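So this one's model.pdb, PDB, N, CA and C atoms, pLDDT in the B column:
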ATOM      1  N   MET A   1       0.845  -1.170   0.000  1.00 49.00           N
ATOM      2  CA  MET A   1       0.000   0.000   0.000  1.00 49.00           C
ATOM      3  C   MET A   1       0.891   1.233   0.000  1.00 49.00           C
ATOM      4  N   SER A   2       0.723   2.122  -0.920  1.00 49.00           N
ATOM      5  CA  SER A   2       1.524   3.328  -0.992  1.00 49.00           C
ATOM      6  C   SER A   2       1.006   4.372  -0.036  1.00 49.00           C
ATOM      7  N   HIS A   3       1.919   5.115   0.526  1.00 52.00           N
ATOM      8  CA  HIS A   3       1.569   6.218   1.400  1.00 52.00           C
ATOM      9  C   HIS A   3       1.679   7.510   0.609  1.00 52.00           C
ATOM     10  N   PRO A   4       0.951   8.557   0.997  1.00 53.00           N
ATOM     11  CA  PRO A   4       1.026   9.824   0.279  1.00 53.00           C
ATOM     12  C   PRO A   4       2.461  10.339   0.134  1.00 53.00           C
ATOM     13  N   GLN A   5       3.291  10.119   1.157  1.00 52.00           N
ATOM     14  CA  GLN A   5       4.678  10.572   1.075  1.00 52.00           C
ATOM     15  C   GLN A   5       5.401   9.851  -0.049  1.00 52.00           C
ATOM     16  N   SER A   6       5.148   8.547  -0.207  1.00 53.00           N
ATOM     17  CA  SER A   6       5.797   7.781  -1.272  1.00 53.00           C
ATOM     18  C   SER A   6       5.403   8.328  -2.636  1.00 53.00           C
ATOM     19  N   ILE A   7       4.135   8.665  -2.799  1.00 52.00           N
ATOM     20  CA  ILE A   7       3.672   9.214  -4.070  1.00 52.00           C
ATOM     21  C   ILE A   7       4.338  10.553  -4.319  1.00 52.00           C
ATOM     22  N   GLY A   8       4.442  11.374  -3.261  1.00 53.00           N
ATOM     23  CA  GLY A   8       5.079  12.674  -3.397  1.00 53.00           C
ATOM     24  C   GLY A   8       6.524  12.569  -3.830  1.00 53.00           C
ATOM     25  N   ILE A   9       7.242  11.614  -3.276  1.00 53.00           N
ATOM     26  CA  ILE A   9       8.639  11.410  -3.650  1.00 53.00           C
ATOM     27  C   ILE A   9       8.737  10.996  -5.108  1.00 53.00           C
ATOM     28  N   LEU A  10       7.871  10.102  -5.529  1.00 56.00           N
ATOM     29  CA  LEU A  10       7.889   9.632  -6.916  1.00 56.00           C
ATOM     30  C   LEU A  10       7.573  10.754  -7.893  1.00 56.00           C
ATOM     31  N   CYS A  11       6.755  11.716  -7.486  1.00 55.00           N
ATOM     32  CA  CYS A  11       6.321  12.794  -8.367  1.00 55.00           C
ATOM     33  C   CYS A  11       7.197  14.031  -8.253  1.00 55.00           C
ATOM     34  N   GLY A  12       8.135  14.011  -7.331  1.00 58.00           N
ATOM     35  CA  GLY A  12       8.958  15.186  -7.121  1.00 58.00           C
ATOM     36  C   GLY A  12       8.233  16.280  -6.369  1.00 58.00           C
ATOM     37  N   ALA A  13       7.232  15.923  -5.575  1.00 53.00           N
ATOM     38  CA  ALA A  13       6.460  16.920  -4.822  1.00 53.00           C
ATOM     39  C   ALA A  13       7.294  17.455  -3.665  1.00 53.00           C
ATOM     40  N   LYS A  14       7.067  18.687  -3.314  1.00 56.00           N
ATOM     41  CA  LYS A  14       7.743  19.296  -2.183  1.00 56.00           C
ATOM     42  C   LYS A  14       7.127  18.772  -0.893  1.00 56.00           C
ATOM     43  N   SER A  15       7.886  18.840   0.209  1.00 54.00           N
ATOM     44  CA  SER A  15       7.426  18.256   1.466  1.00 54.00           C
ATOM     45  C   SER A  15       6.100  18.853   1.927  1.00 54.00           C
ATOM     46  N   TRP A  16       5.891  20.173   1.717  1.00 53.00           N
ATOM     47  CA  TRP A  16       4.635  20.772   2.164  1.00 53.00           C
ATOM     48  C   TRP A  16       3.456  20.220   1.381  1.00 53.00           C
ATOM     49  N   GLU A  17       3.670  19.768   0.145  1.00 53.00           N
ATOM     50  CA  GLU A  17       2.572  19.213  -0.642  1.00 53.00           C
ATOM     51  C   GLU A  17       2.111  17.882  -0.058  1.00 53.00           C
ATOM     52  N   ASN A  18       3.025  17.132   0.550  1.00 56.00           N
ATOM     53  CA  ASN A  18       2.649  15.871   1.166  1.00 56.00           C
ATOM     54  C   ASN A  18       1.717  16.091   2.352  1.00 56.00           C
ATOM     55  N   LYS A  19       1.900  17.194   3.067  1.00 55.00           N
ATOM     56  CA  LYS A  19       1.093  17.466   4.246  1.00 55.00           C
ATOM     57  C   LYS A  19      -0.247  18.087   3.883  1.00 55.00           C
ATOM     58  N   VAL A  20      -0.260  18.964   2.906  1.00 53.00           N
ATOM     59  CA  VAL A  20      -1.454  19.714   2.569  1.00 53.00           C
ATOM     60  C   VAL A  20      -2.251  19.044   1.461  1.00 53.00           C
ATOM     61  N   GLY A  21      -1.602  18.353   0.578  1.00 63.00           N
ATOM     62  CA  GLY A  21      -2.243  17.760  -0.583  1.00 63.00           C
ATOM     63  C   GLY A  21      -1.883  18.573  -1.803  1.00 63.00           C
ATOM     64  N   SER A  22      -2.045  17.992  -2.952  1.00 78.00           N
ATOM     65  CA  SER A  22      -1.647  18.672  -4.170  1.00 78.00           C
ATOM     66  C   SER A  22      -2.594  18.302  -5.289  1.00 78.00           C
ATOM     67  N   ILE A  23      -3.008  19.303  -6.022  1.00 85.00           N
ATOM     68  CA  ILE A  23      -3.865  19.042  -7.180  1.00 85.00           C
ATOM     69  C   ILE A  23      -3.106  18.203  -8.197  1.00 85.00           C
ATOM     70  N   ALA A  24      -1.794  18.449  -8.320  1.00 87.00           N
ATOM     71  CA  ALA A  24      -0.989  17.655  -9.246  1.00 87.00           C
ATOM     72  C   ALA A  24      -1.020  16.180  -8.857  1.00 87.00           C
ATOM     73  N   LEU A  25      -0.934  15.896  -7.571  1.00 90.00           N
ATOM     74  CA  LEU A  25      -0.995  14.504  -7.125  1.00 90.00           C
ATOM     75  C   LEU A  25      -2.371  13.905  -7.380  1.00 90.00           C
ATOM     76  N   GLN A  26      -3.404  14.691  -7.159  1.00 87.00           N
ATOM     77  CA  GLN A  26      -4.760  14.197  -7.420  1.00 87.00           C
ATOM     78  C   GLN A  26      -4.923  13.874  -8.893  1.00 87.00           C
ATOM     79  N   ASN A  27      -4.415  14.752  -9.749  1.00 89.00           N
ATOM     80  CA  ASN A  27      -4.500  14.509 -11.189  1.00 89.00           C
ATOM     81  C   ASN A  27      -3.702  13.276 -11.581  1.00 89.00           C
ATOM     82  N   LEU A  28      -2.508  13.118 -10.989  1.00 91.00           N
ATOM     83  CA  LEU A  28      -1.700  11.937 -11.278  1.00 91.00           C
ATOM     84  C   LEU A  28      -2.426  10.670 -10.844  1.00 91.00           C
ATOM     85  N   ALA A  29      -2.974  10.703  -9.638  1.00 91.00           N
ATOM     86  CA  ALA A  29      -3.697   9.542  -9.127  1.00 91.00           C
ATOM     87  C   ALA A  29      -4.845   9.167 -10.050  1.00 91.00           C
ATOM     88  N   GLU A  30      -5.612  10.152 -10.474  1.00 92.00           N
ATOM     89  CA  GLU A  30      -6.733   9.886 -11.389  1.00 92.00           C
ATOM     90  C   GLU A  30      -6.242   9.317 -12.705  1.00 92.00           C
ATOM     91  N   SER A  31      -5.132   9.841 -13.214  1.00 93.00           N
ATOM     92  CA  SER A  31      -4.619   9.345 -14.490  1.00 93.00           C
ATOM     93  C   SER A  31      -4.125   7.905 -14.380  1.00 93.00           C
ATOM     94  N   LEU A  32      -3.751   7.484 -13.175  1.00 95.00           N
ATOM     95  CA  LEU A  32      -3.292   6.113 -12.949  1.00 95.00           C
ATOM     96  C   LEU A  32      -4.446   5.175 -12.587  1.00 95.00           C
ATOM     97  N   GLY A  33      -5.654   5.718 -12.530  1.00 95.00           N
ATOM     98  CA  GLY A  33      -6.818   4.895 -12.216  1.00 95.00           C
ATOM     99  C   GLY A  33      -7.070   4.729 -10.731  1.00 95.00           C
ATOM    100  N   VAL A  34      -6.445   5.570  -9.901  1.00 94.00           N
ATOM    101  CA  VAL A  34      -6.668   5.504  -8.463  1.00 94.00           C
ATOM    102  C   VAL A  34      -8.000   6.174  -8.163  1.00 94.00           C
ATOM    103  N   VAL A  35      -8.860   5.466  -7.439  1.00 91.00           N
ATOM    104  CA  VAL A  35     -10.192   5.966  -7.114  1.00 91.00           C
ATOM    105  C   VAL A  35     -10.276   6.178  -5.613  1.00 91.00           C
ATOM    106  N   ARG A  36     -10.718   7.347  -5.202  1.00 87.00           N
ATOM    107  CA  ARG A  36     -10.883   7.657  -3.789  1.00 87.00           C
ATOM    108  C   ARG A  36     -12.272   7.238  -3.336  1.00 87.00           C
ATOM    109  N   HIS A  37     -12.314   6.586  -2.167  1.00 89.00           N
ATOM    110  CA  HIS A  37     -13.587   6.169  -1.586  1.00 89.00           C
ATOM    111  C   HIS A  37     -13.683   6.750  -0.183  1.00 89.00           C
ATOM    112  N   ARG A  38     -14.805   7.293   0.131  1.00 92.00           N
ATOM    113  CA  ARG A  38     -15.075   7.731   1.494  1.00 92.00           C
ATOM    114  C   ARG A  38     -16.056   6.748   2.091  1.00 92.00           C
ATOM    115  N   THR A  39     -15.721   6.251   3.256  1.00 93.00           N
ATOM    116  CA  THR A  39     -16.549   5.248   3.895  1.00 93.00           C
ATOM    117  C   THR A  39     -17.087   5.792   5.209  1.00 93.00           C
ATOM    118  N   GLU A  40     -18.377   5.711   5.373  1.00 95.00           N
ATOM    119  CA  GLU A  40     -19.007   6.125   6.616  1.00 95.00           C
ATOM    120  C   GLU A  40     -18.768   5.041   7.656  1.00 95.00           C
ATOM    121  N   THR A  41     -18.355   5.436   8.852  1.00 96.00           N
ATOM    122  CA  THR A  41     -18.132   4.469   9.917  1.00 96.00           C
ATOM    123  C   THR A  41     -18.965   4.843  11.136  1.00 96.00           C
ATOM    124  N   TYR A  42     -19.236   3.831  11.946  1.00 96.00           N
ATOM    125  CA  TYR A  42     -20.007   3.994  13.174  1.00 96.00           C
ATOM    126  C   TYR A  42     -19.167   3.441  14.318  1.00 96.00           C
ATOM    127  N   SER A  43     -19.084   4.170  15.420  1.00 95.00           N
ATOM    128  CA  SER A  43     -18.309   3.736  16.576  1.00 95.00           C
ATOM    129  C   SER A  43     -19.235   3.416  17.734  1.00 95.00           C
ATOM    130  N   VAL A  44     -18.974   2.266  18.363  1.00 93.00           N
ATOM    131  CA  VAL A  44     -19.762   1.841  19.517  1.00 93.00           C
ATOM    132  C   VAL A  44     -18.827   1.121  20.485  1.00 93.00           C
ATOM    133  N   GLY A  45     -18.704   1.646  21.694  1.00 88.00           N
ATOM    134  CA  GLY A  45     -17.928   0.966  22.738  1.00 88.00           C
ATOM    135  C   GLY A  45     -16.516   0.588  22.322  1.00 88.00           C
ATOM    136  N   GLY A  46     -15.851   1.425  21.580  1.00 91.00           N
ATOM    137  CA  GLY A  46     -14.480   1.137  21.168  1.00 91.00           C
ATOM    138  C   GLY A  46     -14.366   0.325  19.892  1.00 91.00           C
ATOM    139  N   PHE A  47     -15.473  -0.090  19.332  1.00 92.00           N
ATOM    140  CA  PHE A  47     -15.482  -0.845  18.077  1.00 92.00           C
ATOM    141  C   PHE A  47     -15.921   0.064  16.942  1.00 92.00           C
ATOM    142  N   ARG A  48     -15.464  -0.225  15.743  1.00 95.00           N
ATOM    143  CA  ARG A  48     -15.866   0.545  14.563  1.00 95.00           C
ATOM    144  C   ARG A  48     -16.533  -0.384  13.556  1.00 95.00           C
ATOM    145  N   TYR A  49     -17.581   0.119  12.957  1.00 96.00           N
ATOM    146  CA  TYR A  49     -18.336  -0.652  11.976  1.00 96.00           C
ATOM    147  C   TYR A  49     -18.580   0.186  10.731  1.00 96.00           C
ATOM    148  N   THR A  50     -18.648  -0.463   9.587  1.00 96.00           N
ATOM    149  CA  THR A  50     -19.053   0.201   8.359  1.00 96.00           C
ATOM    150  C   THR A  50     -20.503  -0.141   8.034  1.00 96.00           C
ATOM    151  N   ASN A  51     -21.067  -1.055   8.796  1.00 95.00           N
ATOM    152  CA  ASN A  51     -22.436  -1.498   8.593  1.00 95.00           C
ATOM    153  C   ASN A  51     -23.276  -1.018   9.780  1.00 95.00           C
ATOM    154  N   LEU A  52     -24.305  -0.227   9.520  1.00 96.00           N
ATOM    155  CA  LEU A  52     -25.140   0.325  10.583  1.00 96.00           C
ATOM    156  C   LEU A  52     -25.842  -0.763  11.387  1.00 96.00           C
ATOM    157  N   THR A  53     -26.272  -1.820  10.746  1.00 95.00           N
ATOM    158  CA  THR A  53     -26.949  -2.914  11.445  1.00 95.00           C
ATOM    159  C   THR A  53     -26.030  -3.552  12.484  1.00 95.00           C
ATOM    160  N   ASP A  54     -24.766  -3.762  12.126  1.00 94.00           N
ATOM    161  CA  ASP A  54     -23.805  -4.322  13.076  1.00 94.00           C
ATOM    162  C   ASP A  54     -23.552  -3.362  14.229  1.00 94.00           C
ATOM    163  N   ALA A  55     -23.478  -2.065  13.934  1.00 95.00           N
ATOM    164  CA  ALA A  55     -23.255  -1.066  14.977  1.00 95.00           C
ATOM    165  C   ALA A  55     -24.418  -1.044  15.965  1.00 95.00           C
ATOM    166  N   ILE A  56     -25.625  -1.190  15.486  1.00 94.00           N
ATOM    167  CA  ILE A  56     -26.810  -1.222  16.349  1.00 94.00           C
ATOM    168  C   ILE A  56     -26.815  -2.487  17.196  1.00 94.00           C
ATOM    169  N   ALA A  57     -26.353  -3.588  16.646  1.00 92.00           N
ATOM    170  CA  ALA A  57     -26.339  -4.855  17.375  1.00 92.00           C
ATOM    171  C   ALA A  57     -25.320  -4.853  18.517  1.00 92.00           C
ATOM    172  N   GLN A  58     -24.224  -4.117  18.370  1.00 92.00           N
ATOM    173  CA  GLN A  58     -23.160  -4.146  19.376  1.00 92.00           C
ATOM    174  C   GLN A  58     -23.622  -3.728  20.769  1.00 92.00           C
ATOM    175  N   PRO A  59     -24.278  -2.596  20.950  1.00 91.00           N
ATOM    176  CA  PRO A  59     -24.691  -2.256  22.324  1.00 91.00           C
ATOM    177  C   PRO A  59     -25.729  -3.233  22.870  1.00 91.00           C
ATOM    178  N   ARG A  60     -26.532  -3.802  22.004  1.00 90.00           N
ATOM    179  CA  ARG A  60     -27.502  -4.816  22.469  1.00 90.00           C
ATOM    180  C   ARG A  60     -26.760  -6.038  22.988  1.00 90.00           C
ATOM    181  N   TRP A  61     -25.709  -6.441  22.275  1.00 88.00           N
ATOM    182  CA  TRP A  61     -24.917  -7.587  22.688  1.00 88.00           C
ATOM    183  C   TRP A  61     -24.177  -7.263  23.988  1.00 88.00           C
ATOM    184  N   MET A  62     -23.654  -6.028  24.093  1.00 85.00           N
ATOM    185  CA  MET A  62     -22.928  -5.626  25.298  1.00 85.00           C
ATOM    186  C   MET A  62     -23.849  -5.630  26.522  1.00 85.00           C
ATOM    187  N   ALA A  63     -25.132  -5.313  26.318  1.00 89.00           N
ATOM    188  CA  ALA A  63     -26.088  -5.273  27.425  1.00 89.00           C
ATOM    189  C   ALA A  63     -26.466  -6.674  27.899  1.00 89.00           C
ATOM    190  N   ASN A  64     -26.454  -7.641  26.997  1.00 87.00           N
ATOM    191  CA  ASN A  64     -26.879  -8.999  27.365  1.00 87.00           C
ATOM    192  C   ASN A  64     -26.144 -10.025  26.492  1.00 87.00           C
ATOM    193  N   PRO A  65     -24.859 -10.286  26.727  1.00 80.00           N
ATOM    194  CA  PRO A  65     -24.103 -11.208  25.873  1.00 80.00           C
ATOM    195  C   PRO A  65     -24.589 -12.657  25.926  1.00 80.00           C
ATOM    196  N   LYS A  66     -25.126 -13.111  27.054  1.00 78.00           N
ATOM    197  CA  LYS A  66     -25.593 -14.499  27.151  1.00 78.00           C
ATOM    198  C   LYS A  66     -26.762 -14.736  26.213  1.00 78.00           C
ATOM    199  N   GLN A  67     -27.670 -13.780  26.125  1.00 71.00           N
ATOM    200  CA  GLN A  67     -28.834 -13.920  25.244  1.00 71.00           C
ATOM    201  C   GLN A  67     -28.399 -13.883  23.776  1.00 71.00           C
ATOM    202  N   ALA A  68     -27.398 -13.094  23.455  1.00 60.00           N
ATOM    203  CA  ALA A  68     -26.927 -12.974  22.078  1.00 60.00           C
ATOM    204  C   ALA A  68     -26.306 -14.268  21.580  1.00 60.00           C
ATOM    205  N   ILE A  69     -25.681 -15.028  22.469  1.00 60.00           N
ATOM    206  CA  ILE A  69     -25.063 -16.294  22.069  1.00 60.00           C
ATOM    207  C   ILE A  69     -26.125 -17.303  21.710  1.00 60.00           C
ATOM    208  N   GLY A  70     -27.224 -17.249  22.404  1.00 50.00           N
ATOM    209  CA  GLY A  70     -28.399 -18.016  22.107  1.00 50.00           C
ATOM    210  C   GLY A  70     -28.293 -19.445  22.293  1.00 50.00           C
TER     211      GLY A  70
END

Kindly return the structure encoded in the file as structure tokens.
Amino acid sequence: MSHPQSIGILCGAKSWENKVGSIALQNLAESLGVVRHRTETYSVGGFRYTNLTDAIAQPRWMANPKQAIG
């Protein structure tokens, strides 16, 4: 997995561009077929979920784990 700093080094980006972001890097990424995805996450009791149904189930399980095992 490449890190933004690695991409910056490959592109000759200045160090401040790695921290702030660069339109040139975004254009390069798009030209290489890199697609950005934003994922909504839900946090419950120290756990993270990308599925709302699982996030809702967690506090129910925490309240009564014996019943959840069934």

Quick one: pull the distance between atom N of Asp54 of chain A and atom CA of Tyr42 of chain A, Å, one decimal.
9.2 Å

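Going from atom CA of Ser43 of chain A to atom CA of Gln67 of chain A covers 22.3 Å.
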
One decimal, Å: what's the distance from atom CA of Arg36 of chain A over to atom CA of Tyr49 of chain A, could you say?
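We find that atom CA of Arg36 of chain A and atom CA of Tyr49 of chain A lie 19.3 Å from each other.
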
Under the rule that only N, CA and C atoms are counted, which of A:Asn64, A:Gln58, A:Ser22, A:Ser31 is the nearest residue to Gly45 of chain A?
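Among A:Asn64, A:Gln58, A:Ser22, A:Ser31, it is A:Gln58 that comes nearest to Gly45 of chain A.
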
Using the chain letters and numbers from this file, what does the PyMOL selection byres (((chain A and resi 40 and name CA) around 9) and name CA) select? Give the answer as an mmCIF file with N, CA and C atoms, keeping the file's coordinate frame.
data_model
loop_
_atom_site.group_PDB
_atom_site.id
_atom_site.type_symbol
_atom_site.label_atom_id
_atom_site.label_comp_id
_atom_site.auth_asym_id
_atom_site.auth_seq_id
_atom_site.Cartn_x
_atom_site.Cartn_y
_atom_site.Cartn_z
ATOM 1 N N ARG A 38 -14.805 7.293 0.131
ATOM 2 C CA ARG A 38 -15.075 7.731 1.494
ATOM 3 C C ARG A 38 -16.056 6.748 2.091
ATOM 4 N N THR A 39 -15.721 6.251 3.256
ATOM 5 C CA THR A 39 -16.549 5.248 3.895
ATOM 6 C C THR A 39 -17.087 5.792 5.209
ATOM 7 N N THR A 41 -18.355 5.436 8.852
ATOM 8 C CA THR A 41 -18.132 4.469 9.917
ATOM 9 C C THR A 41 -18.965 4.843 11.136
ATOM 10 N N TYR A 42 -19.236 3.831 11.946
ATOM 11 C CA TYR A 42 -20.007 3.994 13.174
ATOM 12 C C TYR A 42 -19.167 3.441 14.318
ATOM 13 N N TYR A 49 -17.581 0.119 12.957
ATOM 14 C CA TYR A 49 -18.336 -0.652 11.976
ATOM 15 C C TYR A 49 -18.580 0.186 10.731
ATOM 16 N N THR A 50 -18.648 -0.463 9.587
ATOM 17 C CA THR A 50 -19.053 0.201 8.359
ATOM 18 C C THR A 50 -20.503 -0.141 8.034
ATOM 19 N N ASN A 51 -21.067 -1.055 8.796
ATOM 20 C CA ASN A 51 -22.436 -1.498 8.593
ATOM 21 C C ASN A 51 -23.276 -1.018 9.780
#
